[in-house]
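Listing of entry_38.cif; format and content: mmCIF, C-alpha atoms.
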data_upload
loop_
_atom_site.group_PDB
_atom_site.id
_atom_site.type_symbol
_atom_site.label_atom_id
_atom_site.label_comp_id
_atom_site.auth_asym_id
_atom_site.auth_seq_id
_atom_site.Cartn_x
_atom_site.Cartn_y
_atom_site.Cartn_z
ATOM 1 C CA MET A 1413 -15.322 28.067 4.620
ATOM 2 C CA PRO A 1414 -14.086 27.969 0.996
ATOM 3 C CA TRP A 1415 -10.443 27.506 -0.048
ATOM 4 C CA THR A 1416 -8.276 28.608 -2.945
ATOM 5 C CA GLN A 1417 -6.669 25.733 -4.829
ATOM 6 C CA ILE A 1418 -3.794 26.451 -7.240
ATOM 7 C CA SER A 1419 -2.532 23.747 -9.598
ATOM 8 C CA PHE A 1420 0.895 24.257 -11.220
ATOM 9 C CA HIS A 1421 2.136 22.265 -14.222
ATOM 10 C CA LEU A 1422 5.779 21.229 -13.794
ATOM 11 C CA ASP A 1423 8.234 18.597 -14.954
ATOM 12 C CA ALA A 1424 9.576 16.013 -12.544
ATOM 13 C CA THR A 1425 12.904 17.835 -12.099
ATOM 14 C CA HIS A 1426 11.323 20.799 -10.318
ATOM 15 C CA ALA A 1427 8.145 19.370 -8.787
ATOM 16 C CA GLU A 1428 9.362 18.456 -5.304
ATOM 17 C CA ALA A 1429 11.313 21.694 -4.750
ATOM 18 C CA PHE A 1430 8.303 23.684 -5.944
ATOM 19 C CA ALA A 1431 6.071 21.790 -3.514
ATOM 20 C CA GLU A 1432 8.394 22.671 -0.639
ATOM 21 C CA GLN A 1433 8.272 26.345 -1.651
ATOM 22 C CA LEU A 1434 4.462 26.302 -1.607
ATOM 23 C CA SER A 1435 4.553 24.913 1.924
ATOM 24 C CA GLU A 1436 6.916 27.685 2.993
ATOM 25 C CA LEU A 1437 4.485 30.234 1.513
ATOM 26 C CA GLY A 1438 1.696 29.030 3.781
ATOM 27 C CA ALA A 1439 -0.070 26.293 1.837
ATOM 28 C CA LEU A 1440 -2.445 24.331 4.062
ATOM 29 C CA SER A 1441 -1.609 21.221 2.039
ATOM 30 C CA VAL A 1442 0.457 20.349 -1.029
ATOM 31 C CA THR A 1443 -0.037 17.281 -3.208
ATOM 32 C CA LEU A 1444 1.684 15.928 -6.311
ATOM 33 C CA GLN A 1445 -0.548 14.433 -9.003
ATOM 34 C CA ASP A 1446 -0.124 12.891 -12.430
ATOM 35 C CA ALA A 1447 -0.661 15.592 -15.068
ATOM 36 C CA GLU A 1448 -0.912 13.269 -18.089
ATOM 37 C CA ASP A 1449 -2.250 9.877 -16.933
ATOM 38 C CA GLN A 1450 1.247 8.385 -16.856
ATOM 39 C CA PRO A 1451 1.270 5.059 -14.956
ATOM 40 C CA ILE A 1452 4.326 4.260 -12.845
ATOM 41 C CA TYR A 1453 4.438 0.500 -12.498
ATOM 42 C CA GLU A 1454 8.142 -0.148 -12.089
ATOM 43 C CA PRO A 1455 10.053 2.320 -9.900
ATOM 44 C CA ALA A 1456 13.568 1.359 -8.911
ATOM 45 C CA LEU A 1457 13.853 -0.484 -5.625
ATOM 46 C CA TYR A 1458 13.582 1.796 -2.535
ATOM 47 C CA THR A 1459 12.758 4.884 -4.614
ATOM 48 C CA THR A 1460 9.704 7.156 -4.741
ATOM 49 C CA PRO A 1461 9.126 8.167 -8.373
ATOM 50 C CA VAL A 1462 7.496 11.374 -9.614
ATOM 51 C CA TRP A 1463 5.545 11.620 -12.860
ATOM 52 C CA GLN A 1464 7.417 13.196 -15.770
ATOM 53 C CA HIS A 1465 4.690 15.843 -16.015
ATOM 54 C CA THR A 1466 3.396 16.633 -12.565
ATOM 55 C CA LEU A 1467 0.636 18.775 -11.101
ATOM 56 C CA VAL A 1468 1.719 20.433 -7.871
ATOM 57 C CA VAL A 1469 -1.499 21.400 -6.099
ATOM 58 C CA GLY A 1470 -1.480 23.880 -3.218
ATOM 59 C CA LEU A 1471 -4.451 24.591 -0.979
ATOM 60 C CA PHE A 1472 -4.656 28.065 0.579
ATOM 61 C CA GLU A 1473 -7.064 30.122 2.633
ATOM 62 C CA ALA A 1474 -9.778 31.711 0.493
ATOM 63 C CA ASP A 1475 -8.580 35.231 1.269
ATOM 64 C CA CYS A 1476 -4.910 34.606 0.430
ATOM 65 C CA ASP A 1477 -3.123 37.346 -1.530
ATOM 66 C CA LEU A 1478 -2.934 35.492 -4.840
ATOM 67 C CA PRO A 1479 -0.932 38.107 -6.832
ATOM 68 C CA ALA A 1480 1.650 38.360 -4.039
ATOM 69 C CA LEU A 1481 1.920 34.585 -3.806
ATOM 70 C CA LEU A 1482 2.413 34.143 -7.558
ATOM 71 C CA ALA A 1483 5.009 36.923 -7.586
ATOM 72 C CA HIS A 1484 7.396 34.642 -5.672
ATOM 73 C CA PHE A 1485 7.872 32.464 -8.767
ATOM 74 C CA ASN A 1486 10.146 33.492 -11.606
ATOM 75 C CA PRO A 1487 9.509 32.045 -14.088
ATOM 76 C CA LEU A 1488 5.891 31.383 -13.206
ATOM 77 C CA PRO A 1489 4.764 27.995 -14.550
ATOM 78 C CA SER A 1490 1.380 27.384 -16.123
ATOM 79 C CA TYR A 1491 -1.309 27.231 -13.452
ATOM 80 C CA GLN A 1492 -5.052 27.108 -12.742
ATOM 81 C CA VAL A 1493 -6.947 28.585 -9.788
ATOM 82 C CA GLU A 1494 -10.117 27.026 -8.391
ATOM 83 C CA ILE A 1495 -12.304 28.059 -5.456
ATOM 84 C CA LEU A 1496 -13.385 25.025 -3.431
ATOM 85 C CA GLU A 1497 -16.611 25.424 -1.525
ATOM 86 C CA GLU A 1498 -16.890 24.004 1.960
ATOM 87 C CA GLN A 1499 -17.958 20.370 2.164
ATOM 88 C CA ASP A 1500 -18.092 17.688 4.805
ATOM 89 C CA TRP A 1501 -15.013 15.974 3.357
ATOM 90 C CA VAL A 1502 -14.864 13.318 6.054
ATOM 91 C CA ARG A 1503 -18.498 12.287 5.643
ATOM 92 C CA ASN A 1504 -18.200 12.261 1.853
ATOM 93 C CA SER A 1505 -15.066 10.106 1.847
ATOM 94 C CA LEU A 1506 -16.286 7.640 4.464
ATOM 95 C CA ALA A 1507 -19.444 6.990 2.503
ATOM 96 C CA ASP A 1508 -17.334 5.355 -0.233
ATOM 97 C CA PHE A 1509 -16.047 2.564 2.021
ATOM 98 C CA GLN A 1510 -18.108 -0.541 2.705
ATOM 99 C CA ALA A 1511 -17.437 -3.914 4.303
ATOM 100 C CA MET A 1512 -15.807 -6.379 1.886
ATOM 101 C CA ARG A 1513 -15.679 -10.163 1.920
ATOM 102 C CA PHE A 1514 -12.681 -12.236 0.814
ATOM 103 C CA GLY A 1515 -13.069 -15.966 0.355
ATOM 104 C CA LYS A 1516 -15.360 -17.734 2.802
ATOM 105 C CA ARG A 1517 -14.202 -16.439 6.182
ATOM 106 C CA LEU A 1518 -12.596 -13.000 5.912
ATOM 107 C CA TRP A 1519 -14.282 -9.601 6.062
ATOM 108 C CA VAL A 1520 -12.637 -6.167 6.107
ATOM 109 C CA CYS A 1521 -14.880 -3.606 7.762
ATOM 110 C CA PRO A 1522 -14.281 0.081 8.693
ATOM 111 C CA HIS A 1523 -14.934 0.974 12.310
ATOM 112 C CA TRP A 1524 -18.083 3.026 11.620
ATOM 113 C CA LEU A 1525 -19.947 0.033 10.123
ATOM 114 C CA GLU A 1526 -21.284 -3.043 11.891
ATOM 115 C CA PRO A 1527 -19.798 -6.270 10.465
ATOM 116 C CA PRO A 1528 -22.332 -7.941 8.144
ATOM 117 C CA GLN A 1529 -21.379 -11.314 9.655
ATOM 118 C CA PRO A 1530 -20.293 -10.820 13.285
ATOM 119 C CA GLU A 1531 -19.407 -14.515 13.601
ATOM 120 C CA ALA A 1532 -16.948 -14.330 10.668
ATOM 121 C CA ILE A 1533 -13.289 -13.284 10.897
ATOM 122 C CA ASN A 1534 -13.602 -9.501 10.798
ATOM 123 C CA ILE A 1535 -10.666 -7.160 10.268
ATOM 124 C CA ARG A 1536 -11.359 -3.619 11.441
ATOM 125 C CA LEU A 1537 -9.497 -1.328 9.072
ATOM 126 C CA ASP A 1538 -10.068 2.300 8.101
ATOM 127 C CA PRO A 1539 -8.642 4.146 5.079
ATOM 128 C CA GLY A 1540 -5.421 5.957 5.966
ATOM 129 C CA VAL A 1541 -1.955 6.964 4.836
ATOM 130 C CA ALA A 1542 -0.740 3.412 4.211
ATOM 131 C CA PHE A 1543 -1.649 1.276 1.225
ATOM 132 C CA GLY A 1544 -3.922 -1.709 1.785
ATOM 133 C CA THR A 1545 -7.609 -1.748 2.709
ATOM 134 C CA GLY A 1546 -8.672 -4.586 0.425
ATOM 135 C CA THR A 1547 -10.094 -2.346 -2.301
ATOM 136 C CA HIS A 1548 -7.187 -2.970 -4.700
ATOM 137 C CA ALA A 1549 -7.107 -6.211 -6.672
ATOM 138 C CA THR A 1550 -3.609 -7.100 -5.469
ATOM 139 C CA THR A 1551 -4.628 -6.941 -1.802
ATOM 140 C CA ALA A 1552 -7.840 -8.827 -2.551
ATOM 141 C CA LEU A 1553 -5.873 -11.612 -4.244
ATOM 142 C CA CYS A 1554 -3.605 -11.989 -1.198
ATOM 143 C CA LEU A 1555 -6.517 -11.997 1.267
ATOM 144 C CA SER A 1556 -8.343 -14.616 -0.779
ATOM 145 C CA TRP A 1557 -5.190 -16.761 -0.839
ATOM 146 C CA LEU A 1558 -4.875 -16.518 2.950
ATOM 147 C CA ASP A 1559 -8.522 -17.447 3.418
ATOM 148 C CA ALA A 1560 -8.074 -20.523 1.212
ATOM 149 C CA TYR A 1561 -4.769 -21.578 2.809
ATOM 150 C CA GLY A 1562 -6.363 -23.415 5.691
ATOM 151 C CA ASP A 1563 -4.947 -23.711 9.201
ATOM 152 C CA LEU A 1564 -2.222 -21.208 10.085
ATOM 153 C CA SER A 1565 -2.031 -22.340 13.714
ATOM 154 C CA GLY A 1566 1.462 -22.054 15.160
ATOM 155 C CA GLN A 1567 2.927 -20.550 11.993
ATOM 156 C CA THR A 1568 4.992 -17.408 11.458
ATOM 157 C CA VAL A 1569 4.130 -15.006 8.638
ATOM 158 C CA LEU A 1570 6.257 -12.250 7.086
ATOM 159 C CA ASP A 1571 4.460 -9.436 5.240
ATOM 160 C CA TYR A 1572 7.157 -7.778 3.112
ATOM 161 C CA GLY A 1573 5.866 -4.349 2.087
ATOM 162 C CA CYS A 1574 3.200 -4.376 4.772
ATOM 163 C CA GLY A 1575 1.539 -0.985 4.103
ATOM 164 C CA SER A 1576 -1.437 -0.922 6.452
ATOM 165 C CA GLY A 1577 -0.577 -4.342 7.914
ATOM 166 C CA ILE A 1578 -3.756 -5.877 6.533
ATOM 167 C CA LEU A 1579 -2.170 -9.142 5.373
ATOM 168 C CA GLY A 1580 -0.337 -9.798 8.627
ATOM 169 C CA ILE A 1581 -3.465 -8.959 10.628
ATOM 170 C CA ALA A 1582 -5.506 -11.339 8.468
ATOM 171 C CA ALA A 1583 -2.933 -14.110 9.000
ATOM 172 C CA LEU A 1584 -3.004 -13.622 12.774
ATOM 173 C CA LYS A 1585 -6.788 -13.632 12.850
ATOM 174 C CA LEU A 1586 -6.691 -16.843 10.806
ATOM 175 C CA GLY A 1587 -4.590 -18.469 13.520
ATOM 176 C CA ALA A 1588 -0.941 -17.594 12.849
ATOM 177 C CA GLN A 1589 1.232 -17.485 15.952
ATOM 178 C CA GLN A 1590 3.360 -14.482 14.940
ATOM 179 C CA ALA A 1591 3.594 -11.945 12.123
ATOM 180 C CA TRP A 1592 6.328 -9.577 11.030
ATOM 181 C CA GLY A 1593 5.689 -6.507 8.892
ATOM 182 C CA VAL A 1594 8.431 -4.900 6.797
ATOM 183 C CA ASP A 1595 8.176 -1.632 4.901
ATOM 184 C CA ILE A 1596 10.510 1.127 3.690
ATOM 185 C CA ASP A 1597 8.042 3.780 4.924
ATOM 186 C CA PRO A 1598 8.033 4.485 8.697
ATOM 187 C CA GLN A 1599 4.450 5.770 8.380
ATOM 188 C CA ALA A 1600 3.418 2.352 7.089
ATOM 189 C CA LEU A 1601 5.064 0.664 10.067
ATOM 190 C CA GLN A 1602 3.204 2.958 12.452
ATOM 191 C CA ALA A 1603 -0.067 2.347 10.607
ATOM 192 C CA THR A 1604 0.546 -1.393 10.889
ATOM 193 C CA LEU A 1605 1.068 -1.154 14.654
ATOM 194 C CA ASP A 1606 -2.035 1.023 15.061
ATOM 195 C CA ASN A 1607 -4.188 -1.335 13.007
ATOM 196 C CA ALA A 1608 -2.812 -4.382 14.813
ATOM 197 C CA ALA A 1609 -3.790 -2.784 18.130
ATOM 198 C CA GLN A 1610 -7.291 -1.990 16.842
ATOM 199 C CA ASN A 1611 -7.650 -5.657 15.878
ATOM 200 C CA GLU A 1612 -6.240 -6.908 19.209
ATOM 201 C CA VAL A 1613 -3.248 -8.718 17.641
ATOM 202 C CA ALA A 1614 -0.508 -6.196 18.466
ATOM 203 C CA ALA A 1615 1.217 -8.543 20.934
ATOM 204 C CA ARG A 1616 1.941 -10.964 18.090
ATOM 205 C CA PHE A 1617 2.808 -8.425 15.365
ATOM 206 C CA GLN A 1618 6.286 -6.888 15.086
ATOM 207 C CA VAL A 1619 7.523 -4.424 12.452
ATOM 208 C CA ALA A 1620 10.892 -3.389 11.046
ATOM 209 C CA LEU A 1621 12.538 -1.466 8.250
ATOM 210 C CA PRO A 1622 14.198 -3.827 5.733
ATOM 211 C CA ALA A 1623 17.708 -3.221 7.089
ATOM 212 C CA GLN A 1624 16.526 -3.894 10.654
ATOM 213 C CA LEU A 1625 14.786 -7.211 10.016
ATOM 214 C CA PRO A 1626 16.518 -9.903 12.100
ATOM 215 C CA PRO A 1627 17.501 -13.270 10.571
ATOM 216 C CA MET A 1628 14.425 -15.481 10.401
ATOM 217 C CA ARG A 1629 12.722 -18.321 8.554
ATOM 218 C CA VAL A 1630 8.957 -18.198 8.208
ATOM 219 C CA ASN A 1631 6.164 -20.520 7.113
ATOM 220 C CA VAL A 1632 4.467 -17.975 4.856
ATOM 221 C CA LEU A 1633 5.929 -14.872 3.196
ATOM 222 C CA LEU A 1634 3.599 -12.397 1.495
ATOM 223 C CA ALA A 1635 4.975 -9.602 -0.682
ATOM 224 C CA ASN A 1636 2.434 -7.325 -2.341
ATOM 225 C CA ILE A 1637 4.759 -4.766 -3.907
ATOM 226 C CA LEU A 1638 5.689 -4.553 -7.631
ATOM 227 C CA ALA A 1639 7.099 -6.969 -10.189
ATOM 228 C CA ASN A 1640 10.505 -5.346 -10.650
ATOM 229 C CA PRO A 1641 11.363 -5.212 -6.916
ATOM 230 C CA LEU A 1642 10.010 -8.739 -6.525
ATOM 231 C CA CYS A 1643 12.410 -10.008 -9.182
ATOM 232 C CA GLU A 1644 15.342 -8.108 -7.661
ATOM 233 C CA LEU A 1645 14.556 -9.501 -4.208
ATOM 234 C CA ALA A 1646 13.930 -13.120 -5.279
ATOM 235 C CA ALA A 1647 16.982 -14.691 -3.628
ATOM 236 C CA GLN A 1648 16.585 -12.596 -0.478
ATOM 237 C CA LEU A 1649 12.897 -13.356 -0.041
ATOM 238 C CA ALA A 1650 13.426 -17.038 -0.770
ATOM 239 C CA GLY A 1651 15.982 -17.101 2.024
ATOM 240 C CA TYR A 1652 13.323 -16.134 4.561
ATOM 241 C CA VAL A 1653 11.064 -19.087 3.743
ATOM 242 C CA LEU A 1654 11.358 -22.442 5.513
ATOM 243 C CA PRO A 1655 11.547 -25.645 3.449
ATOM 244 C CA GLN A 1656 7.974 -26.524 2.439
ATOM 245 C CA GLY A 1657 6.925 -22.992 3.386
ATOM 246 C CA TRP A 1658 4.916 -20.750 1.066
ATOM 247 C CA ILE A 1659 5.605 -17.543 -0.816
ATOM 248 C CA VAL A 1660 2.767 -15.315 -2.051
ATOM 249 C CA LEU A 1661 3.595 -12.512 -4.478
ATOM 250 C CA SER A 1662 1.352 -9.804 -5.895
ATOM 251 C CA GLY A 1663 1.487 -6.297 -7.334
ATOM 252 C CA ILE A 1664 2.157 -8.022 -10.663
ATOM 253 C CA LEU A 1665 0.560 -7.096 -13.967
ATOM 254 C CA GLN A 1666 -0.494 -9.991 -16.193
ATOM 255 C CA ALA A 1667 2.247 -9.174 -18.705
ATOM 256 C CA GLN A 1668 4.863 -9.417 -15.936
ATOM 257 C CA VAL A 1669 3.907 -12.867 -14.647
ATOM 258 C CA ALA A 1670 6.431 -14.776 -16.778
ATOM 259 C CA GLY A 1671 9.337 -12.706 -15.443
ATOM 260 C CA VAL A 1672 8.302 -13.246 -11.814
ATOM 261 C CA LEU A 1673 7.843 -16.990 -12.371
ATOM 262 C CA ALA A 1674 11.326 -17.216 -13.872
ATOM 263 C CA ALA A 1675 12.865 -15.327 -10.927
ATOM 264 C CA TYR A 1676 11.326 -17.632 -8.298
ATOM 265 C CA ALA A 1677 11.418 -20.973 -10.133
ATOM 266 C CA PRO A 1678 14.934 -21.831 -8.812
ATOM 267 C CA TYR A 1679 13.599 -21.799 -5.232
ATOM 268 C CA PHE A 1680 9.900 -22.741 -5.336
ATOM 269 C CA ASP A 1681 7.490 -25.203 -6.893
ATOM 270 C CA LEU A 1682 5.083 -22.636 -8.282
ATOM 271 C CA ASP A 1683 1.315 -22.917 -8.668
ATOM 272 C CA GLU A 1684 -0.724 -21.597 -11.546
ATOM 273 C CA PRO A 1685 -1.052 -17.796 -11.149
ATOM 274 C CA ALA A 1686 -4.353 -16.319 -9.996
ATOM 275 C CA PHE A 1687 -5.783 -13.262 -11.740
ATOM 276 C CA GLN A 1688 -8.150 -10.410 -10.943
ATOM 277 C CA GLY A 1689 -8.582 -7.820 -13.642
ATOM 278 C CA ASP A 1690 -5.164 -6.716 -14.895
ATOM 279 C CA TRP A 1691 -3.394 -8.033 -11.795
ATOM 280 C CA ALA A 1692 -1.923 -11.392 -10.857
ATOM 281 C CA LEU A 1693 -0.817 -13.377 -7.810
ATOM 282 C CA VAL A 1694 2.027 -15.912 -7.918
ATOM 283 C CA SER A 1695 2.435 -18.471 -5.148
ATOM 284 C CA GLY A 1696 4.591 -21.496 -4.542
ATOM 285 C CA ARG A 1697 6.119 -23.884 -2.031
ATOM 286 C CA ARG A 1698 9.788 -23.745 -1.036
ATOM 287 C CA ARG A 1699 11.795 -26.745 -2.062
ATOM 288 C CA GLY A 1700 13.597 -28.350 0.872
#
Now that the file is in, can you turn its structure into C-alpha cells?
Amino acid sequence: MPWTQISFHLDATHAEAFAEQLSELGALSVTLQDAEDQPIYEPALYTTPVWQHTLVVGLFEADCDLPALLAHFNPLPSYQVEILEEQDWVRNSLADFQAMRFGKRLWVCPHWLEPPQPEAINIRLDPGVAFGTGTHATTALCLSWLDAYGDLSGQTVLDYGCGSGILGIAALKLGAQQAWGVDIDPQALQATLDNAAQNEVAARFQVALPAQLPPMRVNVLLANILANPLCELAAQLAGYVLPQGWIVLSGILQAQVAGVLAAYAPYFDLDEPAFQGDWALVSGRRRG
C-alpha cells in the first residue's frame, strides 16, 4: 500500500521535540535528515548532534487526515507532502550490498550471499542499526590494517566505538584470543553481540559502555570514531595499551591527521598514516 510522507523544515532547536510530537500523532516512522548538506565531523564527546537546518520526516498511512494532522502545529513550519508508492523495500536495499574483500584474507559477506572464497576468513555481517559493514573508508582502512598485522594468536583486542562489532569480530577470526567492544550506544553493543554470535565468536567477545569497562591492558586497540574525540581520549586510550602493543585510529579526515599525530606522539612510535579517499588511519606502537 502507499504511504504519505511529510517533510518539515526546522532549526536544530525544535527538531527533536517536533519529531516526538509526530510520533505521538501516529507517525509510522520519524527520521531527522540534513536539510542543507551540512557535514558534522566533530561533535562533542558523548553527544549526538543535530544539523542546524533539519528535515523532520514523518511517514503516515496513505489515508491519514492531513488537514487535521497539520492543524496540531502552530506555527506550522514549511513542509512538503509526498505519496510513496508501495515497493519491496527489503529486496531493493539488500541488492545494494555485496561481498567485499579487505587485504589478502578478509571478506565481509551478508548472510544472503555465498562467500566468493569459502576458504578465506569470512565475516557474516548484514546492514543494521549500528555503524560498520566495511562500506565506509574508515572501516575498510581498519580491516586492511588487521589483515596485514599478521598473527593475532593469544592476543587481546579492544574495539573502542565498536558499532556493529566488525573490527573485533575480524580480530577474533584472525586468531585473537579475546575481544572487548565499547560503545556509548546500547543498540551498538547489542548489535555487536548479535553479530559475534552469527560469526561463532560470541564466547570470546565481551561488550561494555565506556564507564563500565574494567581495568585492562590489551595488545591491540582499535578506535574508529572521530578526530576530536580521539584527541580528547588520547591519554585514556594509551593507558589501555600494553608496552609494545598497537593502537589503530580512524574516522580521521586528511586535514586532521597532524592533530591526531600530535596527541598520540607522547605515547606511541607512530607509523606513516594510511589514506583512502578523504579519510586516514593512524597507527603506532606503545613505547614501553
Can you tell me, as a JSON list (two decimals) with C-alpha atoms, keeping the file's coordinate frame, what residues are no more than 9 Å from Phe1687 (chain A) when counting all atoms listed in the file, ignoring any on the same chain fewer than 2 positions away?
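Saved the output as out-v1.json:
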[["chain", "number", "residue", "atom", "x", "y", "z"],
["A", 1549, "ALA", "CA", -7.11, -6.21, -6.67],
["A", 1553, "LEU", "CA", -5.87, -11.61, -4.24],
["A", 1666, "GLN", "CA", -0.49, -9.99, -16.19],
["A", 1685, "PRO", "CA", -1.05, -17.80, -11.15],
["A", 1689, "GLY", "CA", -8.58, -7.82, -13.64],
["A", 1690, "ASP", "CA", -5.16, -6.72, -14.90],
["A", 1691, "TRP", "CA", -3.39, -8.03, -11.80],
["A", 1692, "ALA", "CA", -1.92, -11.39, -10.86],
["A", 1693, "LEU", "CA", -0.82, -13.38, -7.81]]
Since I can't run it myself right now, could you work out what the PyMOL selection byres ((chain A and resi 1682) around 12) selects here and report it as a PyMOL selection string? chain A and resi 1656-1661+1669-1670+1672-1681+1683-1686+1693-1699
Write the residues of the preceding selection, restricted to C-alpha atoms, as an mmCIF file, keeping the file's coordinate frame.
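Generated file (selection.cif):
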data_model
loop_
_atom_site.group_PDB
_atom_site.id
_atom_site.type_symbol
_atom_site.label_atom_id
_atom_site.label_comp_id
_atom_site.auth_asym_id
_atom_site.auth_seq_id
_atom_site.Cartn_x
_atom_site.Cartn_y
_atom_site.Cartn_z
ATOM 1 C CA GLN A 1656 7.974 -26.524 2.439
ATOM 2 C CA GLY A 1657 6.925 -22.992 3.386
ATOM 3 C CA TRP A 1658 4.916 -20.750 1.066
ATOM 4 C CA ILE A 1659 5.605 -17.543 -0.816
ATOM 5 C CA VAL A 1660 2.767 -15.315 -2.051
ATOM 6 C CA LEU A 1661 3.595 -12.512 -4.478
ATOM 7 C CA VAL A 1669 3.907 -12.867 -14.647
ATOM 8 C CA ALA A 1670 6.431 -14.776 -16.778
ATOM 9 C CA VAL A 1672 8.302 -13.246 -11.814
ATOM 10 C CA LEU A 1673 7.843 -16.990 -12.371
ATOM 11 C CA ALA A 1674 11.326 -17.216 -13.872
ATOM 12 C CA ALA A 1675 12.865 -15.327 -10.927
ATOM 13 C CA TYR A 1676 11.326 -17.632 -8.298
ATOM 14 C CA ALA A 1677 11.418 -20.973 -10.133
ATOM 15 C CA PRO A 1678 14.934 -21.831 -8.812
ATOM 16 C CA TYR A 1679 13.599 -21.799 -5.232
ATOM 17 C CA PHE A 1680 9.900 -22.741 -5.336
ATOM 18 C CA ASP A 1681 7.490 -25.203 -6.893
ATOM 19 C CA ASP A 1683 1.315 -22.917 -8.668
ATOM 20 C CA GLU A 1684 -0.724 -21.597 -11.546
ATOM 21 C CA PRO A 1685 -1.052 -17.796 -11.149
ATOM 22 C CA ALA A 1686 -4.353 -16.319 -9.996
ATOM 23 C CA LEU A 1693 -0.817 -13.377 -7.810
ATOM 24 C CA VAL A 1694 2.027 -15.912 -7.918
ATOM 25 C CA SER A 1695 2.435 -18.471 -5.148
ATOM 26 C CA GLY A 1696 4.591 -21.496 -4.542
ATOM 27 C CA ARG A 1697 6.119 -23.884 -2.031
ATOM 28 C CA ARG A 1698 9.788 -23.745 -1.036
ATOM 29 C CA ARG A 1699 11.795 -26.745 -2.062
#
Rank nothing, just name the residue among A:Gly1700, A:Gly1663, A:Pro1598, A:Gly1587 nearest to Arg1616 (chain A), using only C-alpha atoms. A:Gly1587
Selected residue, from A:Leu1444, A:Leu1634, A:Cys1476, A:Leu1584, that lies nearest to His1426 (chain A) when counting all atoms listed in the file: A:Leu1444
Test item: the PyMOL selection byres ((chain A and resi 1445) around 6) resolved as a list in words: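 Selected by the PyMOL selection byres ((chain A and resi 1445) around 6) here: Leu1444, Asp1446, Thr1466 and Leu1467 of chain A.
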For Asp1606 (chain A), find every residue with an atom within 12 Å (counting all atoms listed in the file), except residues of its own chain fewer than 3 positions away, and show them as number ranges by chain. A: 1536-1538, 1540-1542, 1575-1578, 1581, 1599-1603, 1609-1615, 1617-1619
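Pairwise distance (CA of Thr1425 (chain A), CA of Leu1471 (chain A)) equals 21.7 Å.
Nearest-residue note for Trp1557 (chain A): choosing from A:Ala1639, A:Ala1583, A:Leu1434, A:Ala1480, the minimum distance belongs to A:Ala1583, counting only C-alpha atoms.
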Go ahead and compute the interatomic distance for CA of Leu1518 (chain A) and CA of Asn1607 (chain A), in Å to one decimal. 16.0 Å
Assuming the chain letters and numbering stay as they are in my file, what does the PyMOL selection byres ((chain A and resi 1491) around 6) actually select? List them as JSON, numbers by chain. {"A": [1419, 1420, 1490, 1492]}
Between A:Leu1654, A:Leu1625, A:Val1569, A:Val1493, which has the minimum distance to Ile1596 (chain A) (counting only C-alpha atoms)?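 Going through A:Leu1654, A:Leu1625, A:Val1569, A:Val1493 one by one, the smallest distance to Ile1596 (chain A) is for A:Leu1625.
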Counting all atoms listed in the file, the residue of A:Ala1588, A:Ala1474, A:Leu1579, A:Val1630 that sits nearest Gly1566 (chain A):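 Going through A:Ala1588, A:Ala1474, A:Leu1579, A:Val1630 one by one, the smallest distance to Gly1566 (chain A) is for A:Ala1588.
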Atom pair CA of Leu1525 (chain A) / CA of Asp1559 (chain A): separation (Å):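 Separation of CA of Leu1525 (chain A) and CA of Asp1559 (chain A): 21.9 Å.
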Distance query Cys1521 (chain A) at most 10 Å, only C-alpha atoms, self and fewer than 3 positions along chain excluded, as a ChimeraX atom specification: /A:1509-1513,1518,1524-1528,1534-1538,1545-1546
Which polymer residues, protein or nucleic acid, are no farther than 8 Å from (-13.7, 25.2, -3.1), counting all atoms listed in the file, as a VMD selection string? chain A and resid 1414 to 1417 1494 to 1498
